[in-house]
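Shown next: my_file01.txt, given as compact mmCIF, C-alpha atoms.
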# COMPACT_ATOMS: atom_id res chain seq x y z
CA MET A 19 -10.40 3.53 -1.85
CA ARG A 20 -9.16 4.82 1.49
CA GLN A 21 -6.56 7.54 1.33
CA THR A 22 -3.11 7.08 2.79
CA ALA A 23 -0.30 9.51 3.57
CA ALA A 24 1.87 8.40 0.64
CA ARG A 25 3.41 11.80 -0.14
CA LEU A 26 4.08 12.56 3.52
CA ASN A 27 5.73 9.15 4.04
CA ARG A 28 7.90 9.40 0.96
CA THR A 29 9.03 12.95 1.76
CA TRP A 30 10.02 12.18 5.34
CA LEU A 31 11.61 8.82 4.49
CA THR A 32 13.71 10.54 1.82
CA LEU A 33 14.77 13.38 4.13
CA ILE A 34 15.62 11.10 7.07
CA GLY A 35 17.38 8.64 4.75
CA LEU A 36 19.44 11.43 3.22
CA LEU A 37 20.36 12.77 6.66
CA LEU A 38 21.44 9.34 7.95
CA LEU A 39 23.38 8.66 4.76
CA LEU A 40 25.24 11.97 4.94
CA VAL A 41 26.07 11.62 8.65
CA GLY A 42 27.15 7.98 8.23
CA ALA A 43 29.20 8.64 5.10
CA GLY A 44 30.85 11.69 6.72
CA ALA A 45 31.78 9.68 9.82
CA LEU A 46 33.12 6.84 7.66
CA LEU A 47 35.22 9.20 5.54
CA LEU A 48 36.60 10.87 8.66
CA GLY A 49 37.19 7.63 10.58
CA THR A 50 38.96 5.84 7.74
CA GLY A 51 41.11 8.89 6.97
CA LEU A 52 39.70 9.18 3.45
CA LEU A 53 38.42 12.70 4.10
CA GLU A 54 41.92 13.87 5.05
CA SER A 55 43.49 12.39 1.92
CA LEU A 56 40.69 13.82 -0.24
CA VAL A 57 41.24 17.29 1.21
CA ASN A 58 45.01 16.94 0.79
CA SER A 59 44.61 15.88 -2.83
CA ALA A 60 42.52 19.02 -3.39
CA GLY A 61 45.58 21.04 -2.34
CA ARG A 62 44.33 21.97 1.12
CA THR A 63 45.05 20.72 4.62
CA LEU A 64 42.52 19.43 7.11
CA THR A 65 43.44 20.58 10.58
CA GLN A 66 40.34 19.66 12.54
CA PRO A 67 39.03 17.05 13.16
CA SER A 68 41.49 14.27 12.50
CA SER A 69 40.66 10.58 12.62
CA SER A 70 42.30 10.17 16.04
CA ASP A 71 40.19 12.96 17.61
CA ARG A 72 37.34 12.16 19.94
CA VAL A 73 33.82 12.10 18.48
CA VAL A 74 32.53 14.18 21.39
CA SER A 75 35.16 16.70 22.45
CA SER A 76 35.66 17.49 26.13
CA SER A 77 34.22 21.00 25.76
CA VAL A 78 31.01 19.61 24.19
CA ALA A 79 30.84 16.86 26.85
CA SER A 80 31.08 19.42 29.67
CA ALA A 81 28.45 21.63 28.00
CA LEU A 82 26.04 18.68 27.90
CA THR A 83 26.15 18.36 31.69
CA SER A 84 24.67 21.84 32.16
CA SER A 85 21.00 22.53 32.97
CA GLY A 86 20.63 24.44 29.72
CA ALA A 87 21.53 21.33 27.74
CA ALA A 88 18.96 19.35 29.75
CA ILE A 89 16.24 21.93 28.98
CA ALA A 90 17.17 21.89 25.29
CA ALA A 91 17.16 18.06 25.31
CA ALA A 92 13.73 18.01 26.97
CA ILE A 93 12.29 20.40 24.37
CA VAL A 94 13.87 18.51 21.47
CA GLY A 95 12.71 15.16 22.92
CA VAL A 96 9.12 16.33 23.39
CA LEU A 97 9.04 17.91 19.90
CA LEU A 98 10.47 14.77 18.31
CA ALA A 99 7.95 12.57 20.15
CA LEU A 100 5.04 14.81 19.11
CA LEU A 101 6.11 14.89 15.46
CA ALA A 102 6.64 11.12 15.43
CA ALA A 103 3.24 10.54 17.05
CA ALA A 104 1.60 12.79 14.43
CA TRP A 105 3.36 10.86 11.66
CA LEU A 106 2.21 7.58 13.18
CA TRP A 107 -1.36 8.92 13.43
CA ALA A 108 -1.25 9.88 9.75
CA GLN A 109 -0.70 6.21 8.84
CA ILE A 110 -4.32 5.37 9.61
CA PRO A 111 -6.09 5.16 6.23
CA ARG A 112 -8.85 7.76 5.95
CA THR A 113 -12.08 7.51 4.01
CA ASN A 114 -12.45 11.30 3.82
CA GLN A 115 -16.10 10.91 2.95
CA ALA A 116 -17.93 14.11 2.03
CA LYS A 117 -19.67 16.12 4.73
CA PRO A 118 -23.49 16.13 4.54
CA PHE A 119 -24.57 17.49 1.17
CA ARG A 120 -26.43 20.81 1.39
CA LEU A 121 -29.11 20.21 -1.23
CA TYR A 122 -31.12 23.37 -0.53
CA ASP A 123 -29.61 26.23 1.43
CA ASP A 124 -32.24 28.93 1.23
CA PRO A 125 -33.49 29.64 4.78
CA MET A 126 -36.75 30.99 3.35
CA THR A 127 -37.69 27.65 1.83
CA GLY A 128 -35.83 25.50 4.37
CA LEU A 129 -32.46 23.80 4.57
CA THR A 130 -32.14 20.29 3.23
CA ARG A 131 -29.12 18.21 4.15
CA CYS A 132 -28.34 14.68 3.08
CA ALA A 133 -25.73 12.49 4.74
CA PRO A 134 -23.57 10.77 2.09
CA GLY A 135 -23.97 7.51 4.02
CA VAL A 136 -27.64 7.41 3.06
CA LEU A 137 -26.74 7.59 -0.62
CA THR A 138 -23.82 5.15 -0.40
CA ASP A 139 -26.05 2.62 1.41
CA ALA A 140 -28.50 2.81 -1.49
CA VAL A 141 -25.69 2.49 -4.05
CA GLU A 142 -24.23 -0.51 -2.21
CA ALA A 143 -27.64 -2.23 -2.07
CA GLN A 144 -28.16 -1.62 -5.78
CA VAL A 145 -24.72 -2.97 -6.71
CA LYS A 146 -25.03 -6.00 -4.41
CA ALA A 147 -28.23 -6.94 -6.23
CA LEU A 148 -26.37 -7.24 -9.55
CA PRO A 149 -25.48 -10.74 -10.82
CA ASP A 150 -22.18 -12.23 -9.57
CA VAL A 151 -21.59 -9.39 -7.11
CA LEU A 152 -20.61 -10.75 -3.69
CA ASN A 153 -20.03 -7.48 -1.87
CA ALA A 154 -19.83 -3.75 -2.48
CA SER A 155 -18.73 -0.68 -0.59
CA ALA A 156 -19.21 2.89 -1.77
CA LEU A 157 -17.64 6.20 -0.85
CA LEU A 158 -18.86 9.65 -1.84
CA ARG A 159 -16.58 12.66 -1.93
CA GLY A 160 -16.91 16.16 -3.32
CA SER A 161 -20.10 18.18 -3.21
CA ALA A 162 -23.76 17.68 -4.08
CA THR A 163 -23.28 19.44 -7.41
CA GLU A 164 -19.99 17.69 -8.26
CA PRO A 165 -19.99 14.32 -6.52
CA ASP A 166 -17.23 11.74 -6.87
CA LEU A 167 -18.19 8.11 -6.31
CA ASP A 168 -15.67 5.39 -5.49
CA LEU A 169 -16.92 1.82 -5.49
CA LYS A 170 -15.18 -1.35 -4.38
CA VAL A 171 -16.97 -4.32 -5.85
CA THR A 172 -16.16 -7.91 -4.93
CA VAL A 173 -17.38 -10.27 -7.61
CA SER A 174 -17.30 -13.99 -8.29
CA GLU A 175 -14.79 -15.37 -10.76
CA ASN A 176 -17.59 -16.06 -13.27
CA VAL A 177 -18.47 -12.39 -13.66
CA ASP A 178 -18.89 -10.71 -17.01
CA LEU A 179 -16.79 -7.65 -16.16
CA PRO A 180 -17.56 -5.42 -19.17
CA LYS A 181 -21.29 -5.97 -18.65
CA LEU A 182 -21.04 -5.30 -14.91
CA LEU A 183 -19.02 -2.11 -15.45
CA ALA A 184 -21.48 -0.92 -18.09
CA THR A 185 -24.37 -1.54 -15.68
CA ILE A 186 -22.62 0.37 -12.92
CA GLY A 187 -21.49 3.16 -15.23
CA HIS A 188 -24.87 3.56 -16.86
CA GLY A 189 -27.46 2.42 -14.33
CA VAL A 190 -26.01 2.97 -10.87
CA ALA A 191 -24.22 6.22 -11.73
CA ALA A 192 -27.30 7.57 -13.49
CA ASP A 193 -29.55 6.69 -10.55
CA LEU A 194 -27.23 8.42 -8.09
CA GLY A 195 -26.96 11.43 -10.40
CA GLY A 196 -30.75 11.49 -10.68
CA ALA A 197 -31.12 11.44 -6.89
CA LEU A 198 -28.77 14.42 -6.57
CA ASP A 199 -30.15 16.11 -9.68
CA THR A 200 -26.69 16.29 -11.24
CA GLU A 201 -24.11 14.17 -13.03
CA LEU A 202 -21.25 12.43 -11.29
CA ARG A 203 -17.98 14.25 -11.74
CA ARG A 204 -16.03 11.04 -11.46
CA LEU A 205 -16.85 7.37 -11.06
CA GLY A 206 -14.14 5.03 -9.76
CA VAL A 207 -14.66 1.29 -9.55
CA GLN A 208 -12.15 -1.12 -8.03
CA VAL A 209 -12.88 -4.76 -8.79
CA GLU A 210 -11.91 -7.55 -6.41
CA ILE A 211 -12.50 -11.25 -6.97
CA GLY A 212 -14.05 -13.37 -4.24
CA LYS A 213 -12.31 -16.46 -2.96
CA ILE A 214 -12.35 -19.53 -5.18
CA SER A 215 -14.61 -22.24 -3.86
CA THR A 216 -13.96 -24.96 -6.44
CA ARG A 217 -12.79 -27.38 -3.74
CA ASN A 218 -16.36 -27.72 -2.43
CA LYS A 219 -17.67 -28.26 -5.94
CA THR A 220 -15.09 -31.03 -6.47
CA HIS A 221 -16.20 -32.74 -3.26
CA LYS A 222 -19.82 -32.66 -4.39
CA ILE A 223 -18.92 -34.31 -7.70
CA THR A 224 -16.96 -37.02 -5.88
CA LEU A 225 -19.86 -37.76 -3.54
CA ASP A 226 -22.36 -37.88 -6.41
CA ALA A 227 -20.10 -40.20 -8.37
CA ARG A 228 -19.82 -42.50 -5.35
CA ARG A 229 -23.60 -42.44 -4.86
CA ASP A 230 -24.09 -43.35 -8.52
CA ALA A 231 -21.58 -46.16 -8.13
CA LEU A 232 -23.37 -47.43 -4.99
CA GLU A 233 -26.72 -47.29 -6.74
CA THR A 234 -25.28 -49.26 -9.65
CA VAL A 235 -23.93 -51.94 -7.26
CA GLU A 236 -27.27 -52.13 -5.38
CA SER A 237 -29.31 -52.52 -8.54
CA MET B 20 2.62 16.89 9.86
CA SER B 21 -0.10 17.44 7.36
CA ARG B 22 -1.60 14.96 5.00
CA THR B 23 -2.86 15.65 1.54
CA ASN B 24 -6.61 15.33 1.67
CA ALA B 25 -7.26 15.93 -1.94
CA ARG B 26 -10.58 15.02 -3.43
CA SER B 27 -10.87 11.61 -4.98
CA ARG B 28 -7.49 10.67 -6.27
CA GLY B 29 -7.16 7.98 -8.88
CA LEU B 30 -7.53 4.36 -7.89
CA ARG B 31 -4.22 3.51 -9.59
CA ARG B 32 -1.83 4.09 -6.74
CA ARG B 33 1.66 3.05 -5.89
CA PRO B 34 2.77 1.76 -2.47
CA SER B 35 2.43 4.45 0.19
CA ARG B 36 5.34 3.03 2.26
CA THR B 37 3.20 2.70 5.35
CA ILE B 38 5.32 -0.01 7.00
CA PRO B 39 8.74 1.71 6.79
CA ALA B 40 7.12 5.01 7.76
CA ALA B 41 5.41 3.44 10.78
CA VAL B 42 8.64 1.72 11.87
CA VAL B 43 10.66 4.95 11.61
CA ALA B 44 7.91 6.90 13.37
CA VAL B 45 7.85 4.41 16.26
CA VAL B 46 11.65 4.53 16.56
CA LEU B 47 11.62 8.36 16.56
CA LEU B 48 8.79 8.35 19.11
CA MET B 49 10.76 6.08 21.44
CA ILE B 50 13.93 8.18 21.04
CA GLY B 51 11.98 11.39 21.68
CA LEU B 52 10.29 9.99 24.79
CA LEU B 53 13.56 8.60 26.20
CA VAL B 54 15.41 11.88 25.61
CA ALA B 55 12.57 13.90 27.15
CA PHE B 56 12.31 11.55 30.15
CA ALA B 57 16.08 11.60 30.75
CA ALA B 58 16.24 15.41 30.46
CA ILE B 59 13.28 15.96 32.77
CA THR B 60 14.84 13.54 35.31
CA ARG B 61 18.09 15.53 35.08
CA LEU B 62 16.22 18.80 35.71
CA SER B 63 14.25 17.44 38.67
CA ASP B 64 16.94 15.26 40.36
CA GLY B 65 20.03 17.17 39.30
CA THR B 66 21.69 14.11 37.78
CA TRP B 67 21.19 12.22 34.55
CA PRO B 68 19.71 8.71 34.93
CA SER B 69 22.54 6.17 35.40
CA PRO B 70 22.04 4.33 32.03
CA VAL B 71 22.24 7.67 30.21
CA ALA B 72 25.30 8.79 32.20
CA LYS B 73 27.04 5.45 31.57
CA SER B 74 26.27 5.54 27.82
CA ALA B 75 27.40 9.17 27.60
CA SER B 76 30.71 8.42 29.32
CA ASN B 77 31.29 5.55 26.87
CA VAL B 78 30.54 7.79 23.89
CA THR B 79 32.90 10.52 25.09
CA THR B 80 35.82 8.07 24.97
CA LEU B 81 35.16 7.14 21.34
CA THR B 82 37.47 8.42 18.62
CA TRP B 83 36.58 8.81 14.94
CA ASP B 84 38.79 5.88 13.92
CA SER B 85 37.56 3.50 16.63
CA SER B 86 35.83 0.34 15.40
CA ALA B 87 32.58 1.20 17.27
CA THR B 88 32.39 4.57 15.45
CA LEU B 89 33.08 2.95 12.08
CA ILE B 90 30.47 0.22 12.66
CA GLY B 91 27.93 2.81 13.79
CA ALA B 92 28.69 4.94 10.71
CA GLY B 93 28.30 1.88 8.47
CA VAL B 94 24.93 1.09 10.05
CA LEU B 95 23.81 4.68 9.48
CA VAL B 96 24.85 4.50 5.80
CA VAL B 97 22.92 1.25 5.29
CA LEU B 98 19.84 2.58 7.10
CA GLY B 99 20.03 5.80 5.12
CA LEU B 100 20.20 3.91 1.83
CA VAL B 101 17.22 1.72 2.81
CA LEU B 102 15.08 4.72 3.76
CA LEU B 103 16.19 6.68 0.71
CA THR B 104 15.25 3.75 -1.53
CA ALA B 105 11.86 3.41 0.19
CA GLY B 106 11.24 7.11 -0.27
CA LEU B 107 12.38 7.46 -3.87
CA LYS B 108 11.54 4.11 -5.51
CA ARG B 109 8.16 4.35 -7.16
CA GLY B 110 7.07 0.75 -6.57
CA GLY B 111 4.66 -1.25 -8.68
CA LEU B 112 1.02 -0.39 -9.20
CA ARG B 113 -1.41 -2.48 -7.18
CA THR B 114 -4.18 -2.17 -9.72
CA ALA B 115 -4.52 -2.50 -13.49
CA ARG B 116 -6.77 -0.42 -15.68
CA LEU B 117 -9.97 -1.87 -17.07
CA ALA B 118 -10.96 -0.32 -20.35
CA ALA B 119 -14.51 0.92 -20.31
CA SER B 120 -16.33 3.13 -22.71
CA THR B 121 -16.91 6.53 -21.13
CA GLN B 122 -19.92 6.91 -23.41
CA GLU B 123 -21.53 4.08 -21.47
CA SER B 124 -21.23 6.03 -18.23
CA THR B 125 -23.17 9.08 -17.23
CA ALA B 126 -20.21 10.26 -15.15
CA ASP B 127 -17.89 12.93 -16.55
CA SER B 128 -14.89 10.69 -16.06
CA THR B 129 -14.44 7.06 -15.11
CA ASP B 130 -11.65 5.15 -13.46
CA PHE B 131 -12.21 1.38 -13.61
CA VAL B 132 -9.49 -0.82 -12.15
CA ILE B 133 -8.91 -4.36 -10.96
CA SER B 134 -6.49 -5.17 -8.16
CA THR B 135 -3.46 -7.34 -8.96
CA ARG B 136 -4.67 -9.73 -6.23
CA ALA B 137 -7.97 -10.09 -8.08
CA MET B 138 -6.08 -10.67 -11.33
CA ALA B 139 -4.14 -13.50 -9.69
CA HIS B 140 -7.40 -15.02 -8.34
CA LEU B 141 -9.00 -14.79 -11.76
CA ALA B 142 -5.99 -16.38 -13.46
CA ALA B 143 -5.87 -19.22 -10.92
CA ALA B 144 -9.61 -19.83 -11.24
CA GLN B 145 -9.43 -19.99 -15.02
CA ALA B 146 -6.38 -22.25 -15.04
CA GLU B 147 -8.00 -24.61 -12.53
CA ARG B 148 -10.84 -25.25 -14.98
CA ILE B 149 -8.51 -26.74 -17.56
CA ASP B 150 -8.54 -30.51 -17.72
CA GLY B 151 -5.32 -32.05 -16.45
CA VAL B 152 -4.51 -29.26 -14.05
CA ASP B 153 -3.99 -30.55 -10.53
CA LYS B 154 -2.92 -27.52 -8.50
CA VAL B 155 -2.63 -23.83 -9.36
CA SER B 156 -1.15 -20.74 -7.83
CA ALA B 157 -0.84 -17.35 -9.50
CA SER B 158 0.77 -14.00 -8.86
CA ALA B 159 0.25 -10.78 -10.76
CA THR B 160 1.65 -7.33 -11.28
CA GLY B 161 0.00 -4.71 -13.45
CA ARG B 162 1.75 -5.96 -16.58
CA ARG B 163 2.58 -9.58 -15.91
CA VAL B 164 0.79 -12.64 -14.57
CA ARG B 165 2.64 -15.77 -13.55
CA VAL B 166 0.69 -19.01 -13.22
CA LYS B 167 2.27 -22.03 -11.56
CA VAL B 168 0.55 -25.27 -12.46
CA THR B 169 1.10 -28.77 -11.15
CA THR B 170 -0.20 -31.64 -13.23
CA THR B 171 -0.06 -35.41 -13.30
CA SER B 172 -0.03 -35.33 -17.08
CA GLU B 173 3.16 -35.69 -19.10
CA ARG B 174 1.88 -33.27 -21.77
CA THR B 175 3.16 -30.17 -20.05
CA ASP B 176 3.62 -28.14 -23.25
CA GLU B 177 -0.01 -28.56 -24.22
CA ILE B 178 -1.24 -27.68 -20.74
CA ARG B 179 1.07 -24.63 -20.63
CA SER B 180 -0.27 -23.43 -23.95
CA ARG B 181 -3.90 -23.96 -22.91
CA VAL B 182 -3.40 -22.20 -19.56
CA THR B 183 -1.66 -19.24 -21.18
CA GLN B 184 -4.30 -18.94 -23.88
CA ARG B 185 -7.25 -19.23 -21.51
CA VAL B 186 -5.93 -16.73 -18.97
CA THR B 187 -4.97 -14.27 -21.74
CA ASP B 188 -8.43 -14.62 -23.29
CA THR B 189 -10.05 -14.03 -19.91
CA PHE B 190 -8.10 -10.81 -19.37
CA THR B 191 -8.82 -9.65 -22.92
CA THR B 192 -12.54 -10.28 -22.47
CA ALA B 193 -12.47 -8.57 -19.07
CA GLY B 194 -11.14 -5.47 -20.79
CA LEU B 195 -7.73 -5.18 -19.16
CA ASP B 196 -5.82 -2.42 -20.89
CA PRO B 197 -3.06 -3.30 -21.65
CA VAL B 198 -3.56 -7.04 -21.48
CA PRO B 199 -0.87 -8.39 -19.14
CA ARG B 200 1.70 -10.87 -20.37
CA VAL B 201 0.80 -14.31 -19.07
CA THR B 202 3.45 -16.93 -18.38
CA ALA B 203 2.69 -20.43 -17.16
CA ASN B 204 5.12 -22.68 -15.35
CA VAL B 205 3.91 -26.29 -15.57
CA ARG B 206 5.42 -28.96 -13.35
CA THR B 207 4.63 -32.65 -13.56
CA LYS B 208 3.76 -34.09 -10.19
CA GLY B 209 6.00 -36.98 -9.27
CA ILE B 210 4.71 -40.06 -7.51
Could you render the structure as structure tokens?
Amino acid sequence: MRQTAARLNRTWLTLIGLLLLLVGAGALLLGTGLLESLVNSAGRTLTQPSSSDRVVSSSVASALTSSGAAIAAAIVGVLLALLAAAWLWAQIPRTNQAKPFRLYDDPMTGLTRCAPGVLTDAVEAQVKALPDVLNASALLRGSATEPDLDLKVTVSENVDLPKLLATIGHGVAADLGGALDTELRRLGVQVEIGKISTRNKTHKITLDARRDALETVES
Amino acid sequence: MSRTNARSRGLRRRPSRTIPAAVVAVVLLMIGLLVAFAAITRLSDGTWPSPVAKSASNVTTLTWDSSATLIGAGVLVVLGLVLLTAGLKRGGLRTARLAASTQESTADSTDFVISTRAMAHLAAAQAERIDGVDKVSASATGRRVRVKVTTTSERTDEIRSRVTQRVTDTFTTAGLDPVPRVTANVRTKGI
């Protein structure tokens, strides 16, 4: 239910990947002499650079020792670090829950605000009370007139899913809509299954069987 | 760096590539900090830090056809391909759609899903209830569920058929749309 920076990640990974691929492929073509033969086969001649040339020419190397290059490197380094830190920060999944709903905004009659957490707590309590539900978490987005509700419901493996979804879709959504005096714009439910605990059940059966056997021997 | 904070997006999402993105971001952060530190040291002391100066003098001697350049270029090509694949490959869905009648909901639109992890749990739980099954593990994608069963019975074909049928029935009853293809791999436990 939390939102991640999928588009941002994919865009930057693609751009950086493309850049590395182009630089690497260019250096390989140049180093192996393939670029020269490709250019020659196209009917042209490649004068500079050739595969025996230095990667960093002496003029570039001497320019890098200047103070100007150091200033430029400092600026580029700081910018790169800031951008990378921002990208890293964006990896934290966000709930992006709605801001407090403004239910009544007329100053003459009074302002009424409602924190979405109050409503999601009530929704979670209602869902947790349903049969076979082990846990629930709710998230409200949008506005008071057009709310979106996302629910993550952890249920036991014995759950009747269609019945549970119908109860949530009809009962829980209607109750929340009634509280806000509107209809939900969207209801999202993600179902998770709680951990299987059949091992404990098996142990119980074994113990009972042994007890029965002991009782039979004693009698 | 901005992130898309759209309103509720669908619950059916593909991998957001958080791990490769975080790794690349950390690498870029380290490079940026090292470059900035070295440059600021050069501006304050008048000389580049000795590791930087030594590395720079080594790089200046490199030619395009030297083995170090070719190896470095090869590494860049591989890294580029990996990042490009991570960025462009869609990746599998981590949830499957649960069919639900929108008439039964008071909401304008509904989006009911079950995670593939939950599907695997459900399949394993159902398979474990079948007589003769000793040990179960299951994995699931949106369209396929694989159940691995260990049994002490010799009647593996019958157990395979019962596991497949039961898990498929469970998903059909649960309302998975489309119902994933269930395959069971039954292995007889040796003594």
Review point. Which distance in Å separates atom CA of Thr138 of chain A and atom CA of Ser134 of chain B, to one decimal?
Key: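 Pair atom CA of Thr138 of chain A / atom CA of Ser134 of chain B returns 21.6 Å.
Using only C-alpha atoms, the nearest neighbour of chain A within the list B:Ala146, B:Val166, B:Val152, B:Ala137 is B:Ala137.
Every protein, DNA or RNA residue with an atom at most 8 Å from Val94 of chain A, where all atoms listed in the file count and chain neighbours fewer than 6 positions away do not, is listed here: B:Gly51, B:Val54, B:Ala55.
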Prev. selection, C-alpha atoms, output as a PDB file, in the coordinates of the input:
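Final output, saved to again.pdb:
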ATOM      1  CA  GLY B  51      11.980  11.390  21.680  1.00  0.00           C
ATOM      2  CA  VAL B  54      15.410  11.880  25.610  1.00  0.00           C
ATOM      3  CA  ALA B  55      12.570  13.900  27.150  1.00  0.00           C
TER       4      ALA B  55
END
Point to revise | Shell around segment 101-111 of chain B at 6 Å using only C-alpha atoms, local window under 5 positions removed, as a PyMOL selection string | key: (chain A and resi 28+31-32+35) or (chain B and resi 33)
Practice item. Name all residues at most 12 Å from Ile186 of chain A (count all atoms listed in the file; drop same-chain ones fewer than 3 positions away) and give them as a PyMOL selection string. Key: (chain A and resi 141-142+144-149+151+154+156+167-171+179-183+189-194+205-209) or (chain B and resi 119-121+123-126+129-131)
Practice item. Rank A:Val177, A:Met19, A:Leu121, A:Ile93 by their smallest atom-to-atom distance to Leu158 of chain A, using all atoms listed in the file, and report the top residue only. Key: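 The closest residue to Leu158 of chain A is A:Met19.
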**Study point:** Straight-line distance linking atom CA of Ala143 of chain A with atom CA of Leu157 of chain A, stated in Å to one decimal
**Key:**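 Separating atom CA of Ala143 of chain A from atom CA of Leu157 of chain A is a distance of 13.1 Å.
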As AutoDock Vina command-line options, please: the centre and edge lengths in Å, to one decimal, of an axis-aligned box enclosing every listed atom of segment 40-53 of chain B with 3 Å added on each side.
--center_x 9.7 --center_y 6.6 --center_z 17.0 --size_x 14.5 --size_y 15.7 --size_z 24.4
Practice item. Counting only C-alpha atoms, find the residues whose atoms lie at most 8 Å from (17.8, 5.0, 29.3) (file coordinates) and write them out as a list in words. Key: Leu53, Ala57, Pro68, Ser69, Pro70 and Val71 of chain B
Practice item. Would you kindly return, as JSON, numbers by chain, each protein, DNA or RNA residue with an atom no farther than 10 Å from any atom of Val78 of chain A, considering all atoms listed in the file and excluding same-chain residues fewer than 5 positions away? Key: {"A": [73, 83], "B": [79]}
Residues as selected, C-alpha atoms, written as a compact mmCIF listing (two decimals), keeping the file's coordinate frame, can you do that?
# COMPACT_ATOMS: atom_id res chain seq x y z
CA VAL A 73 33.82 12.10 18.48
CA THR A 83 26.15 18.36 31.69
CA THR B 79 32.90 10.52 25.09
Review point. Which residue gives the smallest distance to Arg25 of chain A among A:Ala99, A:Ala108, A:Ala43, A:Ala60, with all atoms listed in the file counted?
Key: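 Checking each candidate against Arg25 of chain A, we get A:Ala108 as the closest.
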**Study point:** Straight-line distance linking atom CA of Thr207 of chain B with atom CA of Val164 of chain B, stated in Å to one decimal
**Key:** 20.4 Å
Point to revise | Interface residues on chain B facing chain A, 7 Å, all atoms listed in the file, written as a ChimeraX atom specification | key: /B:20,22-23,26-27,30,35-37,40-41,44-45,47-48,51-52,54-55,58-59,61-62,79-84,89,92-93,95-96,98-100,102-103,105-107,123-134,137,140-141,144,193-194
Selected residues, C-alpha atoms, written as a compact mmCIF listing (two decimals), in the coordinates of the input, please.
# COMPACT_ATOMS: atom_id res chain seq x y z
CA MET B 20 2.62 16.89 9.86
CA ARG B 22 -1.60 14.96 5.00
CA THR B 23 -2.86 15.65 1.54
CA ARG B 26 -10.58 15.02 -3.43
CA SER B 27 -10.87 11.61 -4.98
CA LEU B 30 -7.53 4.36 -7.89
CA SER B 35 2.43 4.45 0.19
CA ARG B 36 5.34 3.03 2.26
CA THR B 37 3.20 2.70 5.35
CA ALA B 40 7.12 5.01 7.76
CA ALA B 41 5.41 3.44 10.78
CA ALA B 44 7.91 6.90 13.37
CA VAL B 45 7.85 4.41 16.26
CA LEU B 47 11.62 8.36 16.56
CA LEU B 48 8.79 8.35 19.11
CA GLY B 51 11.98 11.39 21.68
CA LEU B 52 10.29 9.99 24.79
CA VAL B 54 15.41 11.88 25.61
CA ALA B 55 12.57 13.90 27.15
CA ALA B 58 16.24 15.41 30.46
CA ILE B 59 13.28 15.96 32.77
CA ARG B 61 18.09 15.53 35.08
CA LEU B 62 16.22 18.80 35.71
CA THR B 79 32.90 10.52 25.09
CA THR B 80 35.82 8.07 24.97
CA LEU B 81 35.16 7.14 21.34
CA THR B 82 37.47 8.42 18.62
CA TRP B 83 36.58 8.81 14.94
CA ASP B 84 38.79 5.88 13.92
CA LEU B 89 33.08 2.95 12.08
CA ALA B 92 28.69 4.94 10.71
CA GLY B 93 28.30 1.88 8.47
CA LEU B 95 23.81 4.68 9.48
CA VAL B 96 24.85 4.50 5.80
CA LEU B 98 19.84 2.58 7.10
CA GLY B 99 20.03 5.80 5.12
CA LEU B 100 20.20 3.91 1.83
CA LEU B 102 15.08 4.72 3.76
CA LEU B 103 16.19 6.68 0.71
CA ALA B 105 11.86 3.41 0.19
CA GLY B 106 11.24 7.11 -0.27
CA LEU B 107 12.38 7.46 -3.87
CA GLU B 123 -21.53 4.08 -21.47
CA SER B 124 -21.23 6.03 -18.23
CA THR B 125 -23.17 9.08 -17.23
CA ALA B 126 -20.21 10.26 -15.15
CA ASP B 127 -17.89 12.93 -16.55
CA SER B 128 -14.89 10.69 -16.06
CA THR B 129 -14.44 7.06 -15.11
CA ASP B 130 -11.65 5.15 -13.46
CA PHE B 131 -12.21 1.38 -13.61
CA VAL B 132 -9.49 -0.82 -12.15
CA ILE B 133 -8.91 -4.36 -10.96
CA SER B 134 -6.49 -5.17 -8.16
CA ALA B 137 -7.97 -10.09 -8.08
CA HIS B 140 -7.40 -15.02 -8.34
CA LEU B 141 -9.00 -14.79 -11.76
CA ALA B 144 -9.61 -19.83 -11.24
CA ALA B 193 -12.47 -8.57 -19.07
CA GLY B 194 -11.14 -5.47 -20.79
Exercise for review: Identify, on the basis of all atoms listed in the file, every residue whose closest approach to Pro118 of chain A does not exceed 10 Å; exclude the query and any residue fewer than 3 positions from it along the same chain; express the result as a VMD selection string.
Suggested key: chain A and resid 115 121 130 to 136 161 to 162
